[in-house]
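Everything below belongs to my_file29.txt, which stores compact mmCIF, C-alpha atoms.
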```txt
# COMPACT_ATOMS: atom_id res chain seq x y z
CA MET X 904 -79.23 -35.39 12.61
CA SER X 905 -78.68 -31.69 13.34
CA GLU X 906 -76.50 -29.34 11.28
CA SER X 907 -74.01 -28.95 14.17
CA SER X 908 -73.49 -32.72 14.49
CA ASN X 909 -72.83 -32.96 10.73
CA THR X 910 -70.19 -30.26 11.01
CA ASN X 911 -68.46 -32.07 13.91
CA LEU X 912 -68.46 -35.32 11.91
CA SER X 913 -66.82 -33.74 8.84
CA GLU X 914 -64.14 -32.15 11.02
CA GLU X 915 -63.40 -35.51 12.67
CA THR X 916 -63.17 -37.16 9.21
CA LYS X 917 -60.70 -34.49 8.02
CA GLU X 918 -58.65 -35.03 11.19
CA LYS X 919 -58.56 -38.77 10.54
CA GLU X 920 -57.42 -38.20 6.91
CA LYS X 921 -54.29 -36.34 8.01
CA PHE X 922 -51.05 -38.36 7.72
CA TYR X 923 -47.73 -37.68 9.38
CA HIS X 924 -44.18 -38.89 8.74
CA PRO X 925 -43.31 -41.44 11.47
CA GLU X 926 -39.80 -40.02 11.96
CA THR X 927 -40.06 -36.27 11.35
CA GLY X 928 -43.71 -35.77 12.34
CA GLU X 929 -44.21 -33.69 9.19
CA GLN X 930 -47.68 -33.84 7.59
CA ILE X 931 -47.56 -35.80 4.33
CA SER X 932 -50.01 -37.00 1.66
CA LYS X 933 -51.86 -40.28 1.79
CA ASN X 934 -49.85 -41.72 -1.14
CA ALA X 935 -46.53 -40.76 0.44
CA TYR X 936 -47.67 -42.42 3.69
CA LYS X 937 -48.58 -45.63 1.84
CA LYS X 938 -45.16 -45.73 0.19
CA LEU X 939 -43.49 -45.46 3.59
CA LEU X 940 -45.51 -48.38 4.94
CA ALA X 941 -44.95 -50.60 1.89
CA PRO X 942 -42.09 -53.14 2.24
CA LYS X 943 -38.96 -52.19 0.35
CA LYS X 944 -37.95 -54.38 -2.58
CA GLU X 945 -34.41 -55.64 -2.60
CA LYS X 946 -32.44 -54.66 -5.69
CA LYS X 947 -31.03 -57.62 -7.55
CA GLU X 948 -27.42 -57.27 -8.46
CA LYS X 949 -26.71 -57.58 -12.15
CA LEU X 950 -24.41 -60.46 -12.85
CA PRO X 951 -21.53 -59.76 -15.30
CA PRO X 952 -21.89 -61.43 -18.71
CA PRO X 953 -20.17 -64.80 -18.95
CA PRO X 954 -16.71 -64.74 -20.54
CA PRO X 955 -16.69 -65.70 -24.23
CA SER X 956 -15.94 -69.31 -24.83
CA GLU X 957 -12.69 -70.36 -26.47
CA ASN X 958 -14.59 -71.85 -29.41
CA LYS X 959 -16.36 -68.55 -30.13
CA GLU X 960 -13.09 -66.60 -29.97
CA LYS X 961 -11.50 -69.05 -32.39
CA LYS X 962 -14.50 -68.80 -34.73
CA ASP X 963 -14.41 -64.95 -34.71
CA LYS X 964 -10.69 -64.96 -35.43
CA LYS X 965 -11.23 -67.48 -38.23
CA ASP X 966 -14.01 -65.36 -39.78
CA LYS X 967 -11.87 -62.25 -39.66
CA LYS X 968 -8.97 -64.12 -41.19
CA GLU X 969 -11.17 -65.42 -43.98
CA LYS X 970 -12.48 -61.92 -44.73
CA LYS X 971 -8.97 -60.52 -44.89
CA GLU X 972 -7.84 -63.28 -47.20
CA GLU X 973 -10.72 -62.76 -49.68
CA GLU X 974 -9.23 -62.75 -53.17
CA ILE X 975 -9.55 -59.52 -55.16
CA PHE X 976 -9.83 -60.34 -58.87
CA ILE X 977 -8.03 -58.16 -61.40
CA ASP X 978 -9.20 -58.27 -65.00
CA GLN X 979 -6.48 -59.42 -67.42
CA THR X 980 -8.42 -58.86 -70.67
CA PRO X 981 -6.41 -56.92 -73.30
CA ASN X 982 -7.95 -53.54 -74.16
CA GLY X 983 -10.64 -53.89 -76.83
CA ASP X 984 -10.97 -57.67 -76.54
CA LYS X 985 -14.03 -59.52 -75.28
CA LYS X 986 -13.80 -60.08 -71.54
CA ILE X 987 -12.11 -63.27 -70.34
CA LEU X 988 -14.58 -65.12 -68.10
CA GLU X 989 -13.19 -68.70 -68.06
CA ASN X 990 -12.85 -70.21 -64.58
CA ILE X 991 -13.20 -66.85 -62.86
CA PHE X 992 -16.12 -66.26 -60.52
CA PRO X 993 -15.60 -64.16 -57.36
CA SER X 994 -17.45 -65.36 -54.26
CA THR X 995 -18.65 -61.77 -53.61
CA TYR X 996 -19.66 -58.94 -55.93
CA GLN X 997 -16.62 -56.95 -57.02
CA PRO X 998 -17.93 -54.07 -59.16
CA LYS X 999 -14.54 -52.96 -60.48
CA TYR X 1000 -13.82 -56.42 -61.83
CA VAL X 1001 -17.37 -57.10 -63.07
CA GLU X 1002 -17.66 -53.81 -65.03
CA SER X 1003 -14.15 -53.81 -66.52
CA ALA X 1004 -13.31 -54.54 -70.19
CA TRP X 1005 -16.88 -54.52 -71.54
CA GLN X 1006 -17.07 -50.89 -72.67
CA SER X 1007 -13.83 -50.95 -74.66
CA TRP X 1008 -14.96 -54.15 -76.44
CA TRP X 1009 -18.40 -52.69 -77.24
CA GLU X 1010 -16.77 -49.56 -78.71
CA LYS X 1011 -14.18 -51.51 -80.74
CA SER X 1012 -16.89 -53.80 -82.09
CA GLY X 1013 -18.82 -50.78 -83.39
CA PHE X 1014 -22.06 -51.74 -81.65
CA TYR X 1015 -22.98 -48.06 -81.14
CA ALA X 1016 -22.13 -46.80 -84.63
CA PRO X 1017 -25.02 -46.47 -87.12
CA ASN X 1018 -24.96 -48.62 -90.25
CA MET X 1019 -24.56 -45.90 -92.89
CA GLU X 1020 -25.06 -48.21 -95.88
CA GLU X 1021 -28.35 -49.43 -94.48
CA ALA X 1022 -29.31 -45.81 -93.71
CA ARG X 1023 -28.68 -44.80 -97.36
CA LYS X 1024 -30.75 -47.73 -98.63
CA LYS X 1025 -33.62 -46.79 -96.33
CA ALA X 1026 -33.38 -43.15 -97.42
CA LYS X 1027 -33.59 -44.14 -101.12
CA ALA X 1028 -36.65 -46.23 -100.33
CA GLY X 1029 -38.20 -43.18 -98.62
CA ASN X 1030 -37.81 -44.57 -95.13
CA ASN X 1031 -36.32 -41.89 -92.89
CA ASP X 1032 -37.43 -43.42 -89.61
CA ASN X 1033 -34.09 -42.79 -87.86
CA PHE X 1034 -33.30 -41.87 -84.27
CA ILE X 1035 -30.62 -39.19 -83.81
CA MET X 1036 -29.90 -37.44 -80.51
CA VAL X 1037 -27.15 -35.24 -79.08
CA LEU X 1038 -26.03 -35.79 -75.50
CA PRO X 1039 -26.43 -32.40 -73.75
CA PRO X 1040 -22.75 -31.45 -73.57
CA PRO X 1041 -21.52 -31.18 -69.94
CA ASN X 1042 -19.52 -28.06 -69.09
CA VAL X 1043 -15.79 -28.60 -68.70
CA THR X 1044 -15.89 -26.59 -65.46
CA GLY X 1045 -15.54 -29.79 -63.43
CA SER X 1046 -16.45 -33.46 -63.14
CA LEU X 1047 -19.94 -34.94 -63.51
CA HIS X 1048 -22.41 -35.32 -60.64
CA LEU X 1049 -25.56 -37.33 -59.90
CA GLY X 1050 -27.73 -35.07 -62.10
CA HIS X 1051 -25.59 -35.87 -65.13
CA ALA X 1052 -25.76 -39.58 -64.28
CA LEU X 1053 -29.56 -39.44 -64.21
CA THR X 1054 -29.75 -37.65 -67.60
CA VAL X 1055 -27.29 -40.05 -69.22
CA SER X 1056 -29.14 -43.10 -67.85
CA LEU X 1057 -32.53 -41.96 -69.17
CA GLU X 1058 -31.17 -41.03 -72.60
CA ASP X 1059 -29.30 -44.32 -72.81
CA CYS X 1060 -32.58 -46.20 -72.19
CA ILE X 1061 -34.29 -44.20 -74.96
CA THR X 1062 -31.41 -44.80 -77.40
CA ARG X 1063 -31.19 -48.53 -76.73
CA TYR X 1064 -34.98 -48.88 -77.08
CA ASN X 1065 -34.91 -47.28 -80.54
CA ARG X 1066 -31.90 -49.38 -81.55
CA MET X 1067 -33.73 -52.57 -80.55
CA MET X 1068 -36.74 -51.39 -82.56
CA GLY X 1069 -34.56 -51.66 -85.67
CA LYS X 1070 -34.06 -47.94 -86.28
CA ILE X 1071 -30.80 -46.41 -87.52
CA THR X 1072 -29.62 -44.92 -84.24
CA LEU X 1073 -27.02 -42.25 -83.52
CA TRP X 1074 -26.29 -40.76 -80.10
CA VAL X 1075 -23.62 -38.05 -80.31
CA PRO X 1076 -21.41 -37.27 -77.26
CA GLY X 1077 -19.48 -34.07 -76.56
CA THR X 1078 -18.45 -31.38 -74.08
CA ASP X 1079 -19.15 -27.66 -73.85
CA HIS X 1080 -16.59 -24.89 -73.31
CA ALA X 1081 -18.92 -22.89 -70.95
CA GLY X 1082 -16.84 -19.78 -71.70
CA ILE X 1083 -17.30 -17.41 -68.75
CA ALA X 1084 -17.90 -20.18 -66.18
CA THR X 1085 -14.70 -21.99 -67.20
CA GLN X 1086 -12.77 -18.71 -67.22
CA SER X 1087 -13.99 -18.05 -63.68
CA VAL X 1088 -12.88 -21.41 -62.23
CA VAL X 1089 -9.47 -21.13 -63.97
CA GLU X 1090 -9.01 -17.62 -62.55
CA LYS X 1091 -9.86 -18.85 -59.03
CA ARG X 1092 -7.41 -21.74 -59.35
CA LEU X 1093 -4.70 -19.41 -60.66
CA LYS X 1094 -5.22 -17.05 -57.73
CA LYS X 1095 -5.19 -19.89 -55.20
CA GLU X 1096 -2.12 -21.71 -56.54
CA SER X 1097 0.06 -18.83 -57.82
CA ASN X 1098 -1.58 -15.67 -56.43
CA LEU X 1099 -1.78 -14.35 -60.00
CA THR X 1100 -4.56 -12.81 -62.10
CA LYS X 1101 -5.25 -13.26 -65.81
CA TYR X 1102 -3.81 -9.76 -66.33
CA ASP X 1103 -0.53 -10.85 -64.71
CA LEU X 1104 -0.25 -13.76 -67.18
CA GLY X 1105 -1.39 -11.96 -70.29
CA ARG X 1106 -3.95 -13.12 -72.86
CA GLU X 1107 -1.97 -15.88 -74.61
CA LYS X 1108 -0.68 -17.58 -71.47
CA PHE X 1109 -4.06 -17.36 -69.80
CA VAL X 1110 -5.74 -18.96 -72.84
CA ASP X 1111 -3.16 -21.76 -72.62
CA LYS X 1112 -4.16 -22.30 -68.97
CA VAL X 1113 -7.82 -22.51 -69.97
CA TRP X 1114 -7.04 -25.13 -72.66
CA GLU X 1115 -4.97 -27.06 -70.13
CA TRP X 1116 -7.99 -27.10 -67.80
CA LYS X 1117 -10.29 -28.15 -70.66
CA ASN X 1118 -8.10 -31.11 -71.65
CA THR X 1119 -7.90 -32.35 -68.06
CA TYR X 1120 -11.61 -32.18 -67.29
CA ALA X 1121 -12.93 -33.12 -70.73
CA ASN X 1122 -10.99 -36.40 -70.52
CA LYS X 1123 -12.29 -36.97 -67.00
CA ILE X 1124 -15.89 -36.34 -68.14
CA THR X 1125 -15.69 -38.72 -71.10
CA GLN X 1126 -14.19 -41.39 -68.84
CA GLN X 1127 -17.09 -40.97 -66.41
CA ILE X 1128 -19.61 -41.34 -69.25
CA ARG X 1129 -17.79 -44.45 -70.49
CA SER X 1130 -17.78 -46.00 -67.01
CA MET X 1131 -21.59 -45.91 -67.05
CA GLY X 1132 -21.66 -48.09 -70.18
CA THR X 1133 -23.50 -45.51 -72.27
CA SER X 1134 -24.14 -46.41 -75.90
CA VAL X 1135 -22.91 -43.18 -77.52
CA ASN X 1136 -20.93 -43.18 -80.77
CA TRP X 1137 -17.48 -42.02 -79.63
CA ASP X 1138 -16.28 -41.75 -83.23
CA ARG X 1139 -18.37 -38.57 -83.49
CA GLU X 1140 -17.27 -36.97 -80.20
CA TYR X 1141 -17.11 -33.17 -80.40
CA PHE X 1142 -16.11 -30.08 -78.40
CA SER X 1143 -18.25 -26.96 -78.75
CA MET X 1144 -15.24 -24.89 -79.88
CA ASP X 1145 -14.16 -27.29 -82.64
CA SER X 1146 -13.61 -25.52 -85.98
CA ASN X 1147 -16.61 -27.12 -87.71
CA LEU X 1148 -18.92 -26.17 -84.83
CA SER X 1149 -17.50 -22.64 -84.73
CA ARG X 1150 -18.36 -22.27 -88.43
CA ALA X 1151 -21.92 -23.41 -87.67
CA VAL X 1152 -22.19 -20.84 -84.84
CA THR X 1153 -20.97 -18.06 -87.17
CA GLU X 1154 -23.48 -19.13 -89.82
CA ALA X 1155 -26.32 -19.10 -87.24
CA PHE X 1156 -25.39 -15.62 -86.00
CA VAL X 1157 -25.21 -14.24 -89.55
CA ARG X 1158 -28.67 -15.64 -90.33
CA PHE X 1159 -30.11 -14.24 -87.08
CA HIS X 1160 -28.67 -10.83 -87.97
CA LYS X 1161 -30.11 -10.90 -91.48
CA ASP X 1162 -33.53 -11.86 -90.07
CA GLY X 1163 -33.39 -9.00 -87.57
CA LEU X 1164 -33.35 -11.36 -84.58
CA LEU X 1165 -29.82 -10.32 -83.57
CA TYR X 1166 -28.81 -6.67 -83.34
CA ARG X 1167 -26.51 -4.24 -81.56
CA ASP X 1168 -28.08 -1.43 -79.55
CA THR X 1169 -27.90 0.48 -76.29
CA ARG X 1170 -29.61 -1.73 -73.74
CA LEU X 1171 -29.47 -2.48 -70.03
CA ILE X 1172 -27.05 -5.34 -69.27
CA ASN X 1173 -25.87 -7.32 -66.26
CA TRP X 1174 -22.22 -6.35 -65.66
CA SER X 1175 -19.95 -8.59 -63.59
CA CYS X 1176 -17.35 -6.57 -61.68
CA ALA X 1177 -15.37 -9.77 -61.06
CA LEU X 1178 -15.28 -11.00 -64.68
CA GLN X 1179 -15.28 -7.51 -66.21
CA SER X 1180 -17.84 -8.78 -68.69
CA ALA X 1181 -21.57 -8.77 -69.42
CA ILE X 1182 -23.36 -11.88 -68.17
CA SER X 1183 -26.78 -13.39 -68.80
CA GLU X 1184 -29.78 -13.00 -66.49
CA ILE X 1185 -29.55 -16.66 -65.42
CA GLU X 1186 -26.07 -16.06 -63.95
CA VAL X 1187 -27.22 -13.20 -61.68
CA ASP X 1188 -27.90 -13.87 -57.99
CA PHE X 1189 -30.29 -11.32 -56.48
CA MET X 1190 -30.03 -10.32 -52.81
CA ASP X 1191 -32.74 -8.83 -50.57
CA LEU X 1192 -31.29 -6.41 -48.02
CA GLU X 1193 -33.22 -5.56 -44.85
CA GLY X 1194 -31.19 -2.45 -44.14
CA ARG X 1195 -27.72 -0.93 -44.25
CA THR X 1196 -25.27 -3.59 -45.39
CA LEU X 1197 -21.56 -3.41 -46.26
CA LEU X 1198 -20.63 -5.64 -49.21
CA PRO X 1199 -17.39 -6.19 -51.15
CA VAL X 1200 -17.31 -5.20 -54.84
CA PRO X 1201 -14.61 -7.03 -56.87
CA ASN X 1202 -12.02 -4.92 -58.72
CA HIS X 1203 -12.98 -1.74 -56.84
CA LYS X 1204 -10.84 0.56 -54.70
CA TYR X 1205 -12.35 0.04 -51.26
CA GLU X 1206 -12.79 -3.23 -49.38
CA LYS X 1207 -16.55 -2.81 -48.84
CA TYR X 1208 -19.33 -0.50 -50.01
CA GLU X 1209 -22.57 0.59 -48.40
CA PHE X 1210 -25.86 -0.81 -49.75
CA GLY X 1211 -29.48 -0.82 -48.59
CA VAL X 1212 -29.54 2.75 -47.24
CA ILE X 1213 -32.51 5.00 -48.03
CA SER X 1214 -31.48 8.55 -48.95
CA SER X 1215 -33.89 11.47 -49.32
CA PHE X 1216 -33.64 14.51 -51.59
CA ALA X 1217 -36.08 17.22 -52.67
CA TYR X 1218 -37.47 18.28 -56.05
CA LYS X 1219 -38.68 21.87 -56.38
CA VAL X 1220 -42.30 22.22 -57.50
CA ILE X 1221 -42.47 24.57 -60.51
CA ASP X 1222 -44.32 27.88 -59.89
CA SER X 1223 -44.30 27.20 -56.14
CA ASP X 1224 -42.06 27.39 -53.09
CA GLU X 1225 -42.91 23.81 -52.18
CA GLU X 1226 -40.64 20.78 -52.43
CA LEU X 1227 -41.48 17.12 -53.01
CA ILE X 1228 -39.17 14.83 -51.05
CA VAL X 1229 -38.25 11.49 -52.64
CA ALA X 1230 -36.62 8.53 -50.82
CA THR X 1231 -34.44 6.04 -52.70
CA THR X 1232 -31.70 3.44 -52.18
CA ARG X 1233 -30.22 4.32 -55.60
CA LEU X 1234 -29.44 8.00 -55.30
CA GLU X 1235 -27.07 7.93 -58.28
CA THR X 1236 -29.95 7.08 -60.64
CA MET X 1237 -31.73 10.40 -60.08
CA LEU X 1238 -29.93 11.81 -63.12
CA GLY X 1239 -32.17 9.60 -65.25
CA ASP X 1240 -35.47 10.45 -63.52
CA THR X 1241 -38.34 11.20 -65.90
CA ALA X 1242 -41.22 11.50 -63.39
CA VAL X 1243 -42.24 11.19 -59.75
CA ALA X 1244 -45.22 8.98 -58.85
CA ILE X 1245 -47.61 9.55 -55.94
CA HIS X 1246 -50.73 7.73 -54.78
CA PRO X 1247 -53.95 9.47 -55.96
CA ASP X 1248 -55.53 9.02 -52.51
CA ASP X 1249 -52.59 10.40 -50.51
CA PRO X 1250 -53.98 13.49 -48.71
CA ARG X 1251 -50.50 15.04 -48.41
CA TYR X 1252 -50.16 15.46 -52.17
CA LYS X 1253 -53.74 16.02 -53.38
CA HIS X 1254 -52.91 19.63 -54.29
CA LEU X 1255 -49.93 18.53 -56.43
CA HIS X 1256 -51.96 16.51 -58.96
CA GLY X 1257 -51.00 17.62 -62.48
CA LYS X 1258 -48.01 19.71 -61.27
CA PHE X 1259 -44.41 19.58 -62.54
CA LEU X 1260 -41.01 19.39 -60.84
CA LYS X 1261 -37.67 20.94 -61.79
CA HIS X 1262 -34.64 18.64 -62.00
CA PRO X 1263 -31.77 20.17 -59.98
CA PHE X 1264 -28.93 19.10 -62.31
CA VAL X 1265 -30.51 18.62 -65.74
CA ASP X 1266 -32.65 21.11 -67.67
CA ARG X 1267 -35.68 18.87 -67.47
CA LYS X 1268 -39.31 19.36 -66.48
CA ILE X 1269 -40.58 16.29 -64.59
CA PRO X 1270 -44.31 15.54 -64.27
CA ILE X 1271 -45.97 14.30 -61.09
CA VAL X 1272 -47.92 11.16 -62.07
CA LEU X 1273 -50.55 9.16 -60.19
CA ASP X 1274 -50.24 5.41 -59.50
CA ASN X 1275 -52.41 3.49 -57.06
CA VAL X 1276 -50.69 0.13 -57.72
CA LEU X 1277 -46.93 0.63 -57.41
CA VAL X 1278 -46.92 3.48 -54.89
CA ASP X 1279 -47.19 2.61 -51.19
CA MET X 1280 -48.33 5.69 -49.22
CA ASN X 1281 -46.87 4.23 -46.00
CA PHE X 1282 -43.37 3.52 -47.33
CA GLY X 1283 -40.74 6.23 -47.22
CA THR X 1284 -42.17 9.61 -48.19
CA GLY X 1285 -44.92 8.11 -50.36
CA ALA X 1286 -43.29 9.58 -53.49
CA VAL X 1287 -41.50 7.26 -55.92
CA LYS X 1288 -39.00 8.40 -58.54
CA VAL X 1289 -39.48 6.94 -62.01
CA THR X 1290 -36.19 6.04 -63.72
CA PRO X 1291 -36.24 4.02 -66.97
CA ALA X 1292 -33.49 1.53 -67.92
CA HIS X 1293 -31.66 1.27 -64.62
CA ASP X 1294 -33.01 -1.94 -63.11
CA PRO X 1295 -33.70 -5.35 -64.72
```
Represent the structure of the file as structure tokens.
Amino acid sequence: MSESSNTNLSEETKEKEKFYHPETGEQISKNAYKKLLAPKKEKKEKLPPPPPSENKEKKDKKDKKEKKEEEIFIDQTPNGDKKILENIFPSTYQPKYVESAWQSWWEKSGFYAPNMEEARKKAKAGNNDNFIMVLPPPNVTGSLHLGHALTVSLEDCITRYNRMMGKITLWVPGTDHAGIATQSVVEKRLKKESNLTKYDLGREKFVDKVWEWKNTYANKITQQIRSMGTSVNWDREYFSMDSNLSRAVTEAFVRFHKDGLLYRDTRLINWSCALQSAISEIEVDFMDLEGRTLLPVPNHKYEKYEFGVISSFAYKVIDSDEELIVATTRLETMLGDTAVAIHPDDPRYKHLHGKFLKHPFVDRKIPIVLDNVLVDMNFGTGAVKVTPAHDP
């Protein structure tokens, strides 16, 4: 067959493969044409669900009625007595009823108190295999949470294990005053309820408010611990500001001072503008600022202050007309500058190696030092002021 006849055949095949809509005459695909030719399926109408039978309605109403009429058992055991169980068995689990009465009976029976006579006999015989543990005292800043429940549960398991092993066992409960934290929550509550500050009340009345808070939440905390069935010895319950514990704290501080572990000196501290007090490192929340940010500062004149702004100032190079420009976000700390650091490979400052700068406000000669670790040539001016004791 010749090349021309092949060409004519392919053109005829293409012409045959063209499909057109029977109504509009528009060219369509083969699949669309097949769909048009296929017989249409009739949609089946969905029948509505059959109405519920009278028997089912009666049964549902009966079930609901039975659920509503379920008897709620209330424990009638006198406080401290063994729980009354005769002829009482709820058809469903009722935790309030099931858990009631047991803890008060266990405490009254002295099951958690160590046998001191037996302990003395063991001690005389040289057996000091006792188990004594203090419950980490929860802060009286508020009620307990799941973390406390986990700690108490684990320690209770350890205590009961040692008790069952025949050891003299003592688990001591208590609460902690959490000084500054408690003061803070009381101040917030005072401001919210009365729009007053501790300065408006005065020292004595404010201390009374703090003790009022302590009594409320300490009782709530001990009740929560009791509700878990913990086997602590409540006869030895303590508060971290009790007189005997305060004497122990004083004794510890005196010993630390004598041993040189505790001293008074000029040191950098974390100052809380809100509490007007020094606070520990663990109570400080650090913030990273990407740029200029206005933030409120408690107990200060203006509503907000500017932070995160880089300011530049110049140091005069001694025996030269040159200046070395330094960029910083803490301009006020320049009074304490003792040096300016540059990168040893920075071509801009190669000629300043070993030179000195003159402080503009203090009669101080400041050396230019080299540091290839802490100095970033590409940040700011590439010169970093060195200021001791201004940043934790």
Select, from X:Trp1074, X:Tyr996, X:Trp1009, X:Phe922, the residue with the minimum atom-to-atom distance to X:Glu973, counting all atoms listed in the file.
->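 That would be X:Tyr996, the residue with the smallest distance to X:Glu973.
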So how far away is atom CA of X:Trp1005 from atom CA of X:Glu1058, in Å?
->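 For atom CA of X:Glu1058 relative to atom CA of X:Trp1005, the distance reads 19.7 Å.
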Quick one: everything within 9 Å of X:Asp1079, counting only C-alpha atoms, minus sequence neighbours fewer than 6 positions away in the same chain. Send it as a list in words.
->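 In the requested form, the answer reads Pro1039, Pro1040, Pro1041, Asn1042, Val1043, Ala1121, Tyr1141, Phe1142, Ser1143 and Met1144 of chain X.
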Would you be able to write out as a ChimeraX atom specification which residues have an atom within 12 Å of (-32.0, 6.4, -63.3) in the file's coordinates, counting only C-alpha atoms?
-> /X:1171,1231-1243,1288-1295
For X:Ile975, which residue among X:Asn1173, X:Asn990, X:Ser1087, X:Gln997 is the nearest when counting all atoms listed in the file?
->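 Comparing X:Asn1173, X:Asn990, X:Ser1087, X:Gln997 against X:Ile975, the winner is X:Gln997.
Using all atoms listed in the file for every distance, the candidate list X:Ala1230, X:Tyr1218, X:Ala1026, X:Glu1010 yields X:Glu1010 as the residue closest to X:Thr1133.
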Env of X:Val1276: 12 Å cut, atoms = all atoms listed in the file, seq-sep filter 4 positions within chain, self excluded. Answer as a CSV table (one decimal) with C-alpha atoms, keeping the file's coordinate frame.
```csv
chain,number,residue,atom,x,y,z
X,1244,ALA,CA,-45.2,9.0,-58.8
X,1245,ILE,CA,-47.6,9.6,-55.9
X,1246,HIS,CA,-50.7,7.7,-54.8
X,1247,PRO,CA,-54.0,9.5,-56.0
X,1248,ASP,CA,-55.5,9.0,-52.5
X,1280,MET,CA,-48.3,5.7,-49.2
X,1287,VAL,CA,-41.5,7.3,-55.9
```
Å distance separating atom CA of X:Trp1114 from atom CA of X:Leu1073, one decimal place | 28.5 Å
Provide the atom CA of X:Asn1275 to atom CA of X:Val1220 distance in Å, to one decimal place.
->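 If I compute the distance from atom CA of X:Asn1275 to atom CA of X:Val1220, I get 21.3 Å.
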